[in-house]
Amino acid sequence: MKKIVIVFAAILISGLTLFGAGCSVYSLYPGRKAFIGISMPNNTAQRWVRDGENIANKLKSAGYATKLVYAGNDPALQAKQLDDMIDAGAKCLVITPVDSEPLKKSLNKARKAGVKIVSYDRLIMNTDAVNCYVTFDSVITGKMIGQYVESHLGLDKGKGPYNIEFLAGAPDDNNASNMHEGILSVLSKYIGTKQLQIPSGHVSFDDTSIARWNSDLAGERMAAIMDKSYSNGVHIDAVVSEFDQYSYKVTDVLQKNGYKPKERWPLITGLDGETDAARAILKGTQSMTVFKDTRVLSDSCVEVVNTLMNDGKINRLAGGRSFSTGIMAVPAVLTIPVVVDTTNLRDEMIESGYYQPEEIGIE
């Protein structure tokens with residue numbers, strides 16, 4: 001019996017060695033269409049966990065072999081993970097980049113090997129290796145946030161002045177800059193007429209962006225803004241937070257500065273529709289979130305992968321829409337998210353089956 005175990009272990013180790021040396025994982029899944037690698041930036045943001053699992057499960061149901069990896073917000077690790085999947089015989093890689101620049105060598109390697117690249121919800125920049133971009137429409141997302149602020153502060157009815165601050169996304173994420181552009185396309189006219197005051201003076205994307213969507217950095221920036229611009233009794237009326245995880249930090253900072261929910265509590269926006277955001281909306285510490293139903297986006301992603309693995313006619317899905325990586329125009333398949341607040345949270349997040357009631361504190 002001991003000899004059998006030793007022999008089995010030797011075979012297993014040999015197989016793992018062959019796999020590590022570049023043996024195609026596709027050959028390990030007879031009957032599968034192809035091996036598809038999925039690379040998400042981290043598993044700390046709830047949406048990337050859900051996105052990755054949704055894509056992997058739907059691709060498996062469609063007959064593909066899959067491998068799902070998370071990069072821990074480490075671009076060097078993500079590049080290594082991509083290299084490993086290319087060596088293992090991946091025919092297509094679905095990638096949400098941590099940072100585009102460190103992925104260049106891996107992307108060139110993929111292109112030379114004939115591996116198709118789908119950029120998922122964040123466009124990989126400065127490369128000609130991307131075959132399709134699947135995302136929510138970030139400009140429209142920004143406009144939704146801007147319009148919510150406009151309506152709920154009564155700016156369109158001439159109300160104000162209000163003090164407002166902005167916390168934008170990562171400087172190397174095209175989605176973040178496009179979303180901020182969408183927000184300002186709505187709110188700039190009120191800033192110009194002084195209905196909106198910005199005591200910190202930070203309004204441009206360059207001044208408000210936060211590296212790698214880091215929520216801790218967002219909290220530190222918010223604390224610095226409060227110390228510098230609101231320590232003399234000036235009241236903050238709104239925070240345009242462009243990420244749910246920023247919003248939680250904003251709430252913490254405001255409470256440390258003596259603000260209390262339901263007592264002139266500022267309007268606080270958000271993005272992604274996390275369970276914690278839903279809880280915060282119900283509690284009254286966050287006003288809204290732009291809910292990205294990743295089931296819809298993962299459906300689009302699977303359709304794109306199927307197309308790339310078959311006839312390759314992506315423009316049929318993109319309908320002529322494209323985004324530039326700075327080197328080439330990439331066909332883009334766009335999805336529209338939805339604004340969620342107390343008025344429609346139950347319908348959009350619970351009745352739709354996206355969350356169970358207990359996940360967001362509803363009994």
# chains A, B, ... in the order shown; residues from 1 in each chain; ligands from 1
$ residues_around --residues "Gly142 in chain A" --least-positions-apart "6" --cutoff "8 Å" --atoms "only C-alpha atoms" --output "list in words"
Asn178, Met179, His180, Glu181, Gly182, Ile183 and Leu184 of chain A
$ residues_around --residues "Leu254 in chain A" --least-positions-apart "2" --cutoff "10 Å" --atoms "only C-alpha atoms" --output "list of chain:residue names"
A:Met222, A:Ala223, A:Met226, A:Ile236, A:Lys249, A:Val250, A:Thr251, A:Asp252, A:Lys256, A:Asn257, A:Gly258, A:Tyr259, A:Lys260, A:Pro261, A:Trp265, A:Pro266
$ residues_around --residues "range 132-135 of chain A" --least-positions-apart "4" --cutoff "9 Å" --atoms "only C-alpha atoms" --output "list in words"
Lys116, Ile117, Val118, Ser119, Tyr120, Asp121, Arg122, Leu123, Ile124, Asn175, Leu297, Ser298, Ser300, Cys301, Val304, Leu308, Ile314, Ala318, Ser322, Phe323, Val330, Pro331, Ala332, Val333, Leu334, Thr335 and Ile336 of chain A
$ write_last_selection --atoms "C-alpha atoms" --output "PDB file, in the first residue's frame"
ATOM      1  CA  LYS A 116      -7.027  36.601 -27.699  1.00  0.00           C
ATOM      2  CA  ILE A 117      -7.312  39.362 -25.091  1.00  0.00           C
ATOM      3  CA  VAL A 118     -10.569  40.659 -23.601  1.00  0.00           C
ATOM      4  CA  SER A 119     -10.128  43.768 -21.455  1.00  0.00           C
ATOM      5  CA  TYR A 120     -12.818  43.516 -18.791  1.00  0.00           C
ATOM      6  CA  ASP A 121     -14.307  46.725 -17.304  1.00  0.00           C
ATOM      7  CA  ARG A 122     -10.906  48.473 -17.317  1.00  0.00           C
ATOM      8  CA  LEU A 123      -9.236  49.116 -20.644  1.00  0.00           C
ATOM      9  CA  ILE A 124      -5.614  47.972 -20.871  1.00  0.00           C
ATOM     10  CA  ASN A 175     -12.971  54.281 -16.803  1.00  0.00           C
ATOM     11  CA  LEU A 297     -21.594  42.183 -17.934  1.00  0.00           C
ATOM     12  CA  SER A 298     -20.416  38.587 -17.556  1.00  0.00           C
ATOM     13  CA  SER A 300     -21.514  40.064 -22.544  1.00  0.00           C
ATOM     14  CA  CYS A 301     -18.037  38.797 -21.729  1.00  0.00           C
ATOM     15  CA  VAL A 304     -17.370  38.063 -26.697  1.00  0.00           C
ATOM     16  CA  LEU A 308     -13.376  35.391 -30.565  1.00  0.00           C
ATOM     17  CA  ILE A 314     -16.458  41.424 -32.688  1.00  0.00           C
ATOM     18  CA  ALA A 318     -19.721  46.337 -30.608  1.00  0.00           C
ATOM     19  CA  SER A 322     -14.639  51.661 -29.724  1.00  0.00           C
ATOM     20  CA  PHE A 323     -12.145  53.079 -27.231  1.00  0.00           C
ATOM     21  CA  VAL A 330     -10.508  48.589 -29.577  1.00  0.00           C
ATOM     22  CA  PRO A 331     -14.094  47.442 -30.290  1.00  0.00           C
ATOM     23  CA  ALA A 332     -16.175  47.999 -27.148  1.00  0.00           C
ATOM     24  CA  VAL A 333     -19.278  46.168 -25.940  1.00  0.00           C
ATOM     25  CA  LEU A 334     -21.019  48.508 -23.498  1.00  0.00           C
ATOM     26  CA  THR A 335     -23.599  47.898 -20.765  1.00  0.00           C
ATOM     27  CA  ILE A 336     -25.650  50.513 -18.880  1.00  0.00           C
TER      28      ILE A 336
END
$ closest_residue --among "A:Val98, A:Ala280, A:Val296, A:Met125" --to "Ala76 in chain A" --atoms "only C-alpha atoms"
A:Val98
$ select_by_dssp --residues "range 164-346 of chain A" --states "strand (DSSP E)" --output "PyMOL selection string"
chain A and resi 164-167+196-197+238-241+267-268+271-272+289-291+322-324+329-335+338-340
$ residues_around --residues "Ile362 in chain A" --least-positions-apart "3" --cutoff "10 Å" --atoms "only C-alpha atoms" --output "list in words"
Arg279, Leu282, Arg346, Ile350, Gln356, Pro357, Glu358 and Glu359 of chain A
$ decode --residues "range 32-68 of chain A" --atoms "N, CA, C and O atoms" --output "mmCIF file, in the first residue's frame"
data_model
loop_
_atom_site.group_PDB
_atom_site.id
_atom_site.type_symbol
_atom_site.label_atom_id
_atom_site.label_comp_id
_atom_site.auth_asym_id
_atom_site.auth_seq_id
_atom_site.Cartn_x
_atom_site.Cartn_y
_atom_site.Cartn_z
ATOM 1 N N ARG A 32 -13.334 19.748 -23.886
ATOM 2 C CA ARG A 32 -13.561 21.169 -23.666
ATOM 3 C C ARG A 32 -13.215 21.957 -24.931
ATOM 4 O O ARG A 32 -12.325 21.584 -25.691
ATOM 5 N N LYS A 33 -13.894 23.082 -25.136
ATOM 6 C CA LYS A 33 -13.659 23.881 -26.338
ATOM 7 C C LYS A 33 -12.260 24.477 -26.344
ATOM 8 O O LYS A 33 -11.554 24.444 -27.352
ATOM 9 N N ALA A 34 -11.862 25.107 -25.234
ATOM 10 C CA ALA A 34 -10.561 25.756 -25.125
ATOM 11 C C ALA A 34 -10.343 26.138 -23.670
ATOM 12 O O ALA A 34 -11.266 26.081 -22.848
ATOM 13 N N PHE A 35 -9.118 26.542 -23.354
ATOM 14 C CA PHE A 35 -8.786 26.991 -22.010
ATOM 15 C C PHE A 35 -8.807 28.514 -21.984
ATOM 16 O O PHE A 35 -8.096 29.172 -22.758
ATOM 17 N N ILE A 36 -9.633 29.094 -21.100
ATOM 18 C CA ILE A 36 -9.772 30.537 -20.966
ATOM 19 C C ILE A 36 -9.255 30.962 -19.591
ATOM 20 O O ILE A 36 -9.719 30.449 -18.563
ATOM 21 N N GLY A 37 -8.307 31.894 -19.553
ATOM 22 C CA GLY A 37 -7.791 32.414 -18.295
ATOM 23 C C GLY A 37 -8.506 33.691 -17.901
ATOM 24 O O GLY A 37 -8.825 34.516 -18.760
ATOM 25 N N ILE A 38 -8.783 33.846 -16.614
ATOM 26 C CA ILE A 38 -9.502 35.024 -16.111
ATOM 27 C C ILE A 38 -8.664 35.660 -15.013
ATOM 28 O O ILE A 38 -8.355 35.010 -14.008
ATOM 29 N N SER A 39 -8.298 36.909 -15.191
ATOM 30 C CA SER A 39 -7.438 37.608 -14.232
ATOM 31 C C SER A 39 -8.151 38.839 -13.684
ATOM 32 O O SER A 39 -8.365 39.818 -14.395
ATOM 33 N N MET A 40 -8.502 38.784 -12.400
ATOM 34 C CA MET A 40 -9.132 39.903 -11.711
ATOM 35 C C MET A 40 -8.091 40.628 -10.844
ATOM 36 O O MET A 40 -7.134 40.019 -10.372
ATOM 37 N N PRO A 41 -8.275 41.930 -10.594
ATOM 38 C CA PRO A 41 -7.233 42.706 -9.894
ATOM 39 C C PRO A 41 -7.060 42.371 -8.420
ATOM 40 O O PRO A 41 -5.959 42.469 -7.886
ATOM 41 N N ASN A 42 -8.152 41.998 -7.743
ATOM 42 C CA ASN A 42 -8.054 41.661 -6.319
ATOM 43 C C ASN A 42 -9.297 40.899 -5.898
ATOM 44 O O ASN A 42 -10.270 40.820 -6.647
ATOM 45 N N ASN A 43 -9.233 40.317 -4.710
ATOM 46 C CA ASN A 43 -10.421 39.654 -4.153
ATOM 47 C C ASN A 43 -10.874 40.335 -2.869
ATOM 48 O O ASN A 43 -11.542 39.732 -2.031
ATOM 49 N N THR A 44 -10.502 41.616 -2.722
ATOM 50 C CA THR A 44 -10.952 42.402 -1.566
ATOM 51 C C THR A 44 -12.182 43.237 -1.909
ATOM 52 O O THR A 44 -12.992 43.517 -1.031
ATOM 53 N N ALA A 45 -12.307 43.653 -3.167
ATOM 54 C CA ALA A 45 -13.517 44.347 -3.615
ATOM 55 C C ALA A 45 -14.551 43.290 -4.001
ATOM 56 O O ALA A 45 -14.276 42.399 -4.811
ATOM 57 N N GLN A 46 -15.725 43.407 -3.418
ATOM 58 C CA GLN A 46 -16.750 42.382 -3.603
ATOM 59 C C GLN A 46 -17.087 42.149 -5.075
ATOM 60 O O GLN A 46 -17.297 41.013 -5.503
ATOM 61 N N ARG A 47 -17.086 43.209 -5.849
ATOM 62 C CA ARG A 47 -17.521 43.049 -7.233
ATOM 63 C C ARG A 47 -16.543 42.209 -8.045
ATOM 64 O O ARG A 47 -16.956 41.449 -8.930
ATOM 65 N N TRP A 48 -15.228 42.282 -7.773
ATOM 66 C CA TRP A 48 -14.289 41.488 -8.568
ATOM 67 C C TRP A 48 -14.433 39.995 -8.253
ATOM 68 O O TRP A 48 -14.224 39.151 -9.132
ATOM 69 N N VAL A 49 -14.781 39.672 -7.022
ATOM 70 C CA VAL A 49 -15.037 38.275 -6.679
ATOM 71 C C VAL A 49 -16.253 37.779 -7.454
ATOM 72 O O VAL A 49 -16.222 36.708 -8.081
ATOM 73 N N ARG A 50 -17.319 38.567 -7.418
ATOM 74 C CA ARG A 50 -18.547 38.168 -8.130
ATOM 75 C C ARG A 50 -18.310 38.120 -9.637
ATOM 76 O O ARG A 50 -18.776 37.197 -10.322
ATOM 77 N N ASP A 51 -17.613 39.127 -10.181
ATOM 78 C CA ASP A 51 -17.341 39.148 -11.621
ATOM 79 C C ASP A 51 -16.574 37.900 -12.031
ATOM 80 O O ASP A 51 -16.939 37.217 -12.999
ATOM 81 N N GLY A 52 -15.475 37.641 -11.310
ATOM 82 C CA GLY A 52 -14.643 36.498 -11.670
ATOM 83 C C GLY A 52 -15.404 35.192 -11.625
ATOM 84 O O GLY A 52 -15.318 34.369 -12.553
ATOM 85 N N GLU A 53 -16.158 34.992 -10.559
ATOM 86 C CA GLU A 53 -16.913 33.743 -10.417
ATOM 87 C C GLU A 53 -18.013 33.628 -11.472
ATOM 88 O O GLU A 53 -18.243 32.545 -12.030
ATOM 89 N N ASN A 54 -18.699 34.751 -11.759
ATOM 90 C CA ASN A 54 -19.745 34.729 -12.789
ATOM 91 C C ASN A 54 -19.174 34.342 -14.150
ATOM 92 O O ASN A 54 -19.740 33.498 -14.862
ATOM 93 N N ILE A 55 -18.061 34.971 -14.521
ATOM 94 C CA ILE A 55 -17.451 34.688 -15.828
ATOM 95 C C ILE A 55 -16.995 33.234 -15.895
ATOM 96 O O ILE A 55 -17.270 32.528 -16.870
ATOM 97 N N ALA A 56 -16.288 32.783 -14.843
ATOM 98 C CA ALA A 56 -15.773 31.414 -14.836
ATOM 99 C C ALA A 56 -16.905 30.397 -14.933
ATOM 100 O O ALA A 56 -16.842 29.444 -15.733
ATOM 101 N N ASN A 57 -17.950 30.588 -14.157
ATOM 102 C CA ASN A 57 -19.058 29.629 -14.159
ATOM 103 C C ASN A 57 -19.784 29.601 -15.502
ATOM 104 O O ASN A 57 -20.160 28.528 -16.002
ATOM 105 N N LYS A 58 -19.976 30.774 -16.089
ATOM 106 C CA LYS A 58 -20.687 30.829 -17.374
ATOM 107 C C LYS A 58 -19.841 30.258 -18.505
ATOM 108 O O LYS A 58 -20.371 29.620 -19.425
ATOM 109 N N LEU A 59 -18.536 30.477 -18.450
ATOM 110 C CA LEU A 59 -17.656 29.889 -19.470
ATOM 111 C C LEU A 59 -17.613 28.373 -19.333
ATOM 112 O O LEU A 59 -17.610 27.638 -20.325
ATOM 113 N N LYS A 60 -17.596 27.883 -18.097
ATOM 114 C CA LYS A 60 -17.622 26.434 -17.877
ATOM 115 C C LYS A 60 -18.914 25.836 -18.435
ATOM 116 O O LYS A 60 -18.904 24.782 -19.070
ATOM 117 N N SER A 61 -20.025 26.534 -18.176
ATOM 118 C CA SER A 61 -21.313 26.053 -18.689
ATOM 119 C C SER A 61 -21.344 26.047 -20.217
ATOM 120 O O SER A 61 -22.050 25.246 -20.824
ATOM 121 N N ALA A 62 -20.545 26.942 -20.813
ATOM 122 C CA ALA A 62 -20.479 27.017 -22.270
ATOM 123 C C ALA A 62 -19.480 26.016 -22.844
ATOM 124 O O ALA A 62 -19.290 25.960 -24.063
ATOM 125 N N GLY A 63 -18.826 25.232 -21.962
ATOM 126 C CA GLY A 63 -17.959 24.173 -22.445
ATOM 127 C C GLY A 63 -16.476 24.475 -22.432
ATOM 128 O O GLY A 63 -15.682 23.714 -23.000
ATOM 129 N N TYR A 64 -16.064 25.561 -21.788
ATOM 130 C CA TYR A 64 -14.645 25.921 -21.741
ATOM 131 C C TYR A 64 -13.993 25.444 -20.449
ATOM 132 O O TYR A 64 -14.649 25.339 -19.404
ATOM 133 N N ALA A 65 -12.690 25.196 -20.512
ATOM 134 C CA ALA A 65 -11.884 25.027 -19.306
ATOM 135 C C ALA A 65 -11.464 26.415 -18.850
ATOM 136 O O ALA A 65 -11.157 27.275 -19.680
ATOM 137 N N THR A 66 -11.473 26.662 -17.544
ATOM 138 C CA THR A 66 -11.160 28.008 -17.055
ATOM 139 C C THR A 66 -10.188 27.953 -15.877
ATOM 140 O O THR A 66 -10.098 26.954 -15.179
ATOM 141 N N LYS A 67 -9.491 29.060 -15.694
ATOM 142 C CA LYS A 67 -8.690 29.274 -14.486
ATOM 143 C C LYS A 67 -8.907 30.718 -14.069
ATOM 144 O O LYS A 67 -8.700 31.640 -14.865
ATOM 145 N N LEU A 68 -9.346 30.915 -12.821
ATOM 146 C CA LEU A 68 -9.610 32.243 -12.281
ATOM 147 C C LEU A 68 -8.532 32.591 -11.265
ATOM 148 O O LEU A 68 -8.293 31.830 -10.324
#
